[in-house]
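Reproduced below: model.cif, with mmCIF, C-alpha atoms.
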data_entry
loop_
_atom_site.label_atom_id
_atom_site.label_comp_id
_atom_site.auth_asym_id
_atom_site.auth_seq_id
_atom_site.Cartn_x
_atom_site.Cartn_y
_atom_site.Cartn_z
CA SER A 1 11.05 26.09 -24.65
CA GLN A 2 9.95 22.90 -22.94
CA LYS A 3 7.32 21.00 -24.84
CA ILE A 4 5.31 17.88 -24.05
CA GLU A 5 3.14 16.16 -26.62
CA GLN A 6 0.68 13.36 -26.08
CA ASN A 7 -1.44 11.51 -28.63
CA SER A 8 -3.29 14.44 -30.08
CA GLU A 9 -6.41 12.54 -31.01
CA ALA A 10 -8.73 10.60 -28.80
CA LEU A 11 -7.97 6.91 -28.65
CA ASN A 12 -10.82 4.47 -29.20
CA ILE A 13 -10.27 0.78 -28.57
CA GLN A 14 -12.30 -2.34 -28.00
CA GLU A 15 -12.69 -3.83 -24.55
CA GLY A 16 -10.03 -6.42 -23.81
CA LYS A 17 -7.42 -4.87 -26.09
CA THR A 18 -4.25 -3.09 -24.95
CA ALA A 19 -4.30 0.69 -25.03
CA THR A 20 -0.98 2.41 -25.69
CA LEU A 21 -0.59 6.12 -25.02
CA THR A 22 2.45 8.16 -26.00
CA CYS A 23 4.18 11.06 -24.31
CA ASN A 24 7.02 12.83 -26.11
CA TYR A 25 9.01 15.76 -24.79
CA THR A 26 11.65 18.20 -26.01
CA ASN A 27 14.03 20.69 -24.46
CA TYR A 28 13.80 19.04 -21.07
CA SER A 29 15.70 16.53 -18.97
CA PRO A 30 13.24 15.24 -16.39
CA ALA A 31 14.35 13.36 -13.32
CA TYR A 32 11.04 11.51 -13.32
CA LEU A 33 7.85 11.16 -15.28
CA GLN A 34 4.37 10.53 -13.94
CA TRP A 35 1.07 9.41 -15.39
CA TYR A 36 -2.28 10.59 -14.06
CA ARG A 37 -5.87 9.76 -14.83
CA GLN A 38 -8.45 12.55 -14.96
CA ASP A 39 -12.19 12.07 -15.18
CA PRO A 40 -14.45 14.93 -16.39
CA GLY A 41 -14.84 17.64 -13.77
CA ARG A 42 -12.42 15.97 -11.37
CA GLY A 43 -8.84 16.42 -10.29
CA PRO A 44 -6.10 14.12 -11.62
CA VAL A 45 -5.41 10.84 -9.84
CA PHE A 46 -1.82 9.61 -9.60
CA LEU A 47 -1.15 6.29 -11.33
CA LEU A 48 2.55 5.63 -11.80
CA LEU A 49 5.93 7.29 -11.42
CA ILE A 50 9.06 6.27 -13.30
CA ARG A 51 12.50 7.74 -12.73
CA GLU A 52 15.11 8.60 -15.34
CA ASN A 53 17.23 5.59 -14.47
CA GLU A 54 14.32 3.17 -14.83
CA LYS A 55 13.22 1.61 -18.09
CA GLU A 56 9.91 0.10 -17.10
CA LYS A 57 7.39 0.10 -14.25
CA ARG A 58 4.32 -2.05 -13.78
CA LYS A 59 1.27 -1.84 -11.57
CA GLU A 60 -1.50 -4.38 -12.07
CA ARG A 61 -2.75 -3.84 -15.67
CA LEU A 62 -0.63 -0.73 -16.16
CA LYS A 63 2.85 -0.55 -17.63
CA VAL A 64 5.02 2.50 -18.24
CA THR A 65 8.25 2.71 -20.17
CA PHE A 66 10.69 5.60 -20.17
CA ASP A 67 13.30 6.14 -22.89
CA THR A 68 15.42 9.18 -22.13
CA THR A 69 17.29 8.81 -25.42
CA LEU A 70 14.11 9.00 -27.48
CA LYS A 71 12.61 11.42 -24.93
CA GLN A 72 9.50 9.33 -24.84
CA SER A 73 7.27 7.45 -22.42
CA LEU A 74 4.71 4.85 -23.35
CA PHE A 75 1.76 4.04 -21.11
CA HIS A 76 0.01 0.71 -21.60
CA ILE A 77 -3.29 -0.54 -20.20
CA THR A 78 -3.73 -4.24 -20.83
CA ALA A 79 -7.09 -6.03 -20.90
CA SER A 80 -8.78 -2.63 -21.11
CA GLN A 81 -12.25 -2.14 -19.68
CA PRO A 82 -14.93 0.51 -20.29
CA ALA A 83 -14.14 1.81 -16.77
CA ASP A 84 -10.68 2.74 -18.04
CA SER A 85 -12.27 5.43 -20.23
CA ALA A 86 -10.83 8.77 -19.11
CA THR A 87 -8.21 11.34 -19.98
CA TYR A 88 -4.65 10.34 -19.19
CA LEU A 89 -2.02 12.98 -18.49
CA CYS A 90 1.74 12.63 -18.47
CA ALA A 91 3.76 14.99 -16.34
CA LEU A 92 7.48 15.65 -16.10
CA GLY A 93 9.34 16.69 -13.00
CA SER A 94 12.87 17.45 -11.90
CA GLY A 95 14.80 18.99 -9.07
CA ASN A 96 13.64 19.59 -5.55
CA THR A 97 10.83 22.03 -6.27
CA GLY A 98 8.37 19.29 -7.10
CA LYS A 99 7.00 21.31 -10.00
CA LEU A 100 5.36 19.27 -12.73
CA ILE A 101 4.85 20.14 -16.38
CA PHE A 102 1.78 18.45 -17.84
CA GLY A 103 1.01 17.28 -21.33
CA GLN A 104 -2.36 18.12 -22.82
CA GLY A 105 -3.70 14.63 -22.17
CA THR A 106 -5.09 11.81 -24.29
CA THR A 107 -8.74 10.84 -24.02
CA LEU A 108 -9.21 7.08 -24.05
CA GLN A 109 -12.56 5.53 -24.88
CA VAL A 110 -12.91 1.78 -24.33
CA LYS A 111 -15.96 0.35 -26.07
CA PRO A 112 -17.70 -2.77 -24.77
CA GLY B 1 -4.63 7.68 2.50
CA ALA B 2 -3.27 10.75 0.68
CA VAL B 3 -6.54 12.63 0.42
CA VAL B 4 -6.70 16.26 -0.59
CA SER B 5 -9.93 18.21 -0.30
CA GLN B 6 -11.00 21.49 -1.84
CA HIS B 7 -13.75 23.82 -0.82
CA PRO B 8 -15.97 24.95 -2.36
CA SER B 9 -16.41 22.51 -5.22
CA TRP B 10 -18.09 25.17 -7.30
CA VAL B 11 -18.84 28.84 -6.95
CA ILE B 12 -20.72 31.45 -8.95
CA CYS B 13 -19.98 35.08 -8.21
CA LYS B 14 -20.52 38.53 -9.63
CA SER B 15 -17.77 40.38 -11.43
CA GLY B 16 -15.66 42.43 -9.03
CA THR B 17 -16.06 40.20 -6.00
CA SER B 18 -13.34 38.09 -4.40
CA VAL B 19 -13.47 34.34 -4.03
CA LYS B 20 -11.48 32.20 -1.62
CA ILE B 21 -10.72 28.55 -2.34
CA GLU B 22 -9.35 26.23 0.36
CA CYS B 23 -7.10 23.25 -0.18
CA ARG B 24 -6.49 20.78 2.65
CA SER B 25 -4.37 17.68 2.97
CA LEU B 26 -6.47 15.44 5.21
CA ASP B 27 -4.13 12.69 6.30
CA PHE B 28 -0.61 13.88 5.63
CA GLN B 29 1.53 16.96 6.01
CA ALA B 30 2.23 18.99 2.92
CA THR B 31 5.14 21.37 3.07
CA THR B 32 4.41 22.30 -0.53
CA MET B 33 1.11 22.81 -2.31
CA PHE B 34 0.55 23.77 -5.91
CA TRP B 35 -2.25 25.68 -7.58
CA TYR B 36 -3.27 24.92 -11.16
CA ARG B 37 -5.83 26.30 -13.55
CA GLN B 38 -7.45 24.23 -16.28
CA PHE B 39 -9.55 25.54 -19.16
CA PRO B 40 -11.92 23.22 -21.05
CA LYS B 41 -10.12 20.54 -23.05
CA GLN B 42 -6.74 21.92 -22.03
CA SER B 43 -4.08 20.67 -19.70
CA LEU B 44 -3.26 21.83 -16.23
CA MET B 45 -1.30 25.07 -16.08
CA LEU B 46 0.71 25.67 -12.94
CA MET B 47 -0.10 29.03 -11.40
CA ALA B 48 2.00 29.04 -8.26
CA THR B 49 3.92 27.00 -5.73
CA SER B 50 2.92 27.49 -2.11
CA ASN B 51 5.37 26.68 0.67
CA GLU B 52 4.28 26.57 4.28
CA GLY B 53 5.33 29.65 6.16
CA SER B 54 6.75 31.52 3.20
CA LYS B 55 5.62 33.55 0.22
CA ALA B 56 4.26 31.75 -2.80
CA THR B 57 6.27 31.52 -6.01
CA TYR B 58 4.24 32.49 -9.04
CA GLU B 59 4.71 31.26 -12.60
CA GLN B 60 5.45 33.75 -15.33
CA GLY B 61 2.36 35.62 -16.42
CA VAL B 62 0.37 34.97 -13.24
CA GLU B 63 -0.52 38.14 -11.35
CA LYS B 64 0.35 37.68 -7.71
CA ASP B 65 -1.85 40.58 -6.63
CA LYS B 66 -4.82 38.99 -8.38
CA PHE B 67 -4.29 35.46 -7.11
CA LEU B 68 -3.39 35.67 -3.44
CA ILE B 69 -2.01 32.51 -1.92
CA ASN B 70 -1.60 31.77 1.76
CA HIS B 71 -0.09 28.57 3.17
CA ALA B 72 -0.55 29.06 6.88
CA SER B 73 -0.16 25.47 8.04
CA LEU B 74 1.14 22.11 6.88
CA THR B 75 -2.36 21.05 5.89
CA LEU B 76 -4.00 24.19 4.49
CA SER B 77 -3.40 26.51 1.56
CA THR B 78 -5.84 29.09 0.27
CA LEU B 79 -6.17 30.80 -3.10
CA THR B 80 -8.09 34.07 -3.26
CA VAL B 81 -9.13 35.36 -6.65
CA THR B 82 -9.45 39.10 -6.06
CA SER B 83 -11.80 41.31 -8.06
CA ALA B 84 -12.81 38.38 -10.21
CA HIS B 85 -13.79 38.93 -13.84
CA PRO B 86 -15.45 36.62 -16.36
CA GLU B 87 -12.07 35.69 -17.85
CA ASP B 88 -11.10 34.23 -14.46
CA SER B 89 -13.80 31.61 -14.88
CA SER B 90 -12.01 28.28 -14.89
CA PHE B 91 -11.40 25.02 -13.06
CA TYR B 92 -8.92 25.56 -10.23
CA ILE B 93 -7.13 22.52 -8.86
CA CYS B 94 -4.70 22.27 -5.98
CA SER B 95 -2.21 19.54 -5.24
CA ALA B 96 -0.17 18.70 -2.19
CA ARG B 97 3.25 17.12 -2.00
CA ASP B 98 3.69 14.63 0.78
CA ALA B 99 6.77 15.58 2.78
CA ARG B 100 7.74 11.90 2.90
CA TYR B 101 7.38 11.14 -0.82
CA GLN B 102 8.34 14.36 -2.43
CA GLU B 103 8.06 13.30 -6.06
CA THR B 104 4.35 12.53 -5.82
CA GLN B 105 1.57 15.08 -5.83
CA TYR B 106 -1.96 14.34 -4.68
CA PHE B 107 -4.64 16.42 -6.30
CA GLY B 108 -7.82 17.86 -4.91
CA PRO B 109 -11.15 17.40 -6.70
CA GLY B 110 -11.06 20.91 -8.13
CA THR B 111 -13.16 24.06 -7.80
CA ARG B 112 -15.18 25.33 -10.72
CA LEU B 113 -15.44 29.12 -10.70
CA LEU B 114 -17.95 30.99 -12.81
CA VAL B 115 -17.79 34.77 -12.77
CA LEU B 116 -20.85 36.50 -14.17
#

How does this structure look as structure tokens?
Amino acid sequence: SQKIEQNSEALNIQEGKTATLTCNYTNYSPAYLQWYRQDPGRGPVFLLLIRENEKEKRKERLKVTFDTTLKQSLFHITASQPADSATYLCALGSGNTGKLIFGQGTTLQVKP
Amino acid sequence: GAVVSQHPSWVICKSGTSVKIECRSLDFQATTMFWYRQFPKQSLMLMATSNEGSKATYEQGVEKDKFLINHASLTLSTLTVTSAHPEDSSFYICSARDARYQETQYFGPGTRLLVL
């Protein structure tokens, strides 16, 4: 069955450092992969989308890579700030239905 | 742009009652909306896909008679939890797919349901 795994433990880093979050998947061939941010008690907020034929995408301090051979995506936040503290979800999608399969999320804590 | 609202944001009800949750896309048309459920410290689990003007498609294990979905217009979908029980207590989140950018979903703020 399809399986998505993100960093299982919470990630704690110091302000200013680069946070790197991992998303691995098996038994799936996604057409695209998305990253979302979710704050406690709130709905997810869309951050970035990367398609299967793209290797890397950037948006301000965010960078996403997508390796379909390794079946892995890496999500980087450079110059991290305490305001970046949240849970980050990766989601895989394919086809025309628009359905997404979510990973369990990684909680990032950026300490001042 | 791309704002999705949900109402109510939280609801407490007695066991056996029905609860209706509304999901609206405020500034775009959504031919497809999705309903998710999220338990504490777990990820989002897709419950059903709601297409405007047609019957919803439910994921395996989700009771369609328990979770009634109606998508009457391009900007509104409703989820009704019928005869709610304590095990239905959860965080329900909807998302809407912009007809112009079909790979992206915009999520509502969620509705927390507590069934006593």

Applied to this file, what does the PyMOL selection byres ((chain A) within 6 of (chain B)) return in terms of residues, put as a PDB file with C-alpha atoms, in the coordinates of the input?
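Output saved as part.pdb:
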ATOM      1  CA  ARG A  42     -12.420  15.970 -11.370  1.00  0.00           C
ATOM      2  CA  GLY A  43      -8.840  16.420 -10.290  1.00  0.00           C
ATOM      3  CA  PRO A  44      -6.100  14.120 -11.620  1.00  0.00           C
ATOM      4  CA  GLN A 104      -2.360  18.120 -22.820  1.00  0.00           C
TER       5      GLN A 104
END

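Within the 6 Å cut-off around Glu22 (chain B), using only C-alpha atoms and omitting residues fewer than 4 positions from it on the same chain, the listed residues are B:Gln6, B:His7, B:Thr78.
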
Please produce a file of the residues just selected, as an mmCIF file, in the frame of the given file, where the atoms kept are C-alpha atoms.
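out-v2.cif written:
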data_model
loop_
_atom_site.group_PDB
_atom_site.id
_atom_site.type_symbol
_atom_site.label_atom_id
_atom_site.label_comp_id
_atom_site.auth_asym_id
_atom_site.auth_seq_id
_atom_site.Cartn_x
_atom_site.Cartn_y
_atom_site.Cartn_z
ATOM 1 C CA GLN B 6 -11.000 21.490 -1.840
ATOM 2 C CA HIS B 7 -13.750 23.820 -0.820
ATOM 3 C CA THR B 78 -5.840 29.090 0.270
#

Using only C-alpha atoms for the distances, tell me which of B:Val81, B:Ile69, B:Ala56, B:Ala99 is nearest to Ala2 (chain B).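 Comparing B:Val81, B:Ile69, B:Ala56, B:Ala99 against Ala2 (chain B), the winner is B:Ala99.
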
Residue members of the PyMOL selection byres ((chain B and resi 25) around 8) in the file shown, as an mmCIF file with C-alpha atoms, keeping the file's coordinate frame:
data_model
loop_
_atom_site.group_PDB
_atom_site.id
_atom_site.type_symbol
_atom_site.label_atom_id
_atom_site.label_comp_id
_atom_site.auth_asym_id
_atom_site.auth_seq_id
_atom_site.Cartn_x
_atom_site.Cartn_y
_atom_site.Cartn_z
ATOM 1 C CA ALA B 2 -3.270 10.750 0.680
ATOM 2 C CA VAL B 3 -6.540 12.630 0.420
ATOM 3 C CA VAL B 4 -6.700 16.260 -0.590
ATOM 4 C CA SER B 5 -9.930 18.210 -0.300
ATOM 5 C CA CYS B 23 -7.100 23.250 -0.180
ATOM 6 C CA ARG B 24 -6.490 20.780 2.650
ATOM 7 C CA LEU B 26 -6.470 15.440 5.210
ATOM 8 C CA ASP B 27 -4.130 12.690 6.300
ATOM 9 C CA PHE B 28 -0.610 13.880 5.630
ATOM 10 C CA GLN B 29 1.530 16.960 6.010
ATOM 11 C CA ALA B 30 2.230 18.990 2.920
ATOM 12 C CA THR B 75 -2.360 21.050 5.890
ATOM 13 C CA LEU B 76 -4.000 24.190 4.490
ATOM 14 C CA ALA B 96 -0.170 18.700 -2.190
#

Just give me the gap between CA of Gly103 (chain A) and CA of Lys3 (chain A) in Å, one decimal is fine.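 Between CA of Gly103 (chain A) and CA of Lys3 (chain A) the gap is 8.1 Å.
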
Around (-4.8, 11.6, -20.4), as given in the file, which residues come within 6 Å? Count all atoms listed in the file and list them as an MDAnalysis selection string. chainID A and resid 37 87:89 105:107

Any chance you could work out the residue set of the PyMOL selection byres ((chain B and resi 16) around 8) here, as a ChimeraX atom specification? /B:14-15,17-18,82-85

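Proximity to Asn24 (chain A) at 9 Å, evaluated using only C-alpha atoms and with sequence-adjacent residues fewer than 4 positions away removed, yields Lys3, Ile4, Glu5, Gln6, Asn7, Leu70, Lys71, Gln72, Ser73, Leu74 and Gly103 of chain A.
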
Within 12 Å of Pro112 (chain A), counting all atoms listed in the file, which residues qualify if same-chain residues fewer than 6 places away don't, as a ChimeraX atom specification? /A:12-17,79-85

Please, what distance in Å, to one decimal, runs between CA of Leu79 (chain B) and CA of Ile21 (chain B)? 5.1 Å

Hey, which of A:Ala86, A:Ser1, A:Leu92, A:Asp39 ends up closest to Glu52 (chain A)? Count all atoms listed in the file.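 For Glu52 (chain A), the nearest of the candidates is A:Leu92.
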
Quick one: residues within 9 Å of Pro30 (chain A), all atoms listed in the file counted, chain neighbours fewer than 6 positions away excluded, as a list in words?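 My list of contacting residues is Arg51, Glu52, Thr68, Leu92, Gly93, Ser94 and Gly95 of chain A.
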
Quick one: of B:Val19, B:Leu113, B:Arg100, B:Glu52, who's nearest to Lys66 (chain B), counting all atoms listed in the file?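 Answer, going by the shortest atom-to-atom distance: B:Val19.
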
Which residues come within 6 Å of region 46-50 of chain A, counting only C-alpha atoms, excluding same-chain residues fewer than 2 positions away, as a list in words?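 After dropping sequence-adjacent residues, the list is Tyr32, Leu33, Gln34, Trp35 and Tyr36 of chain A.
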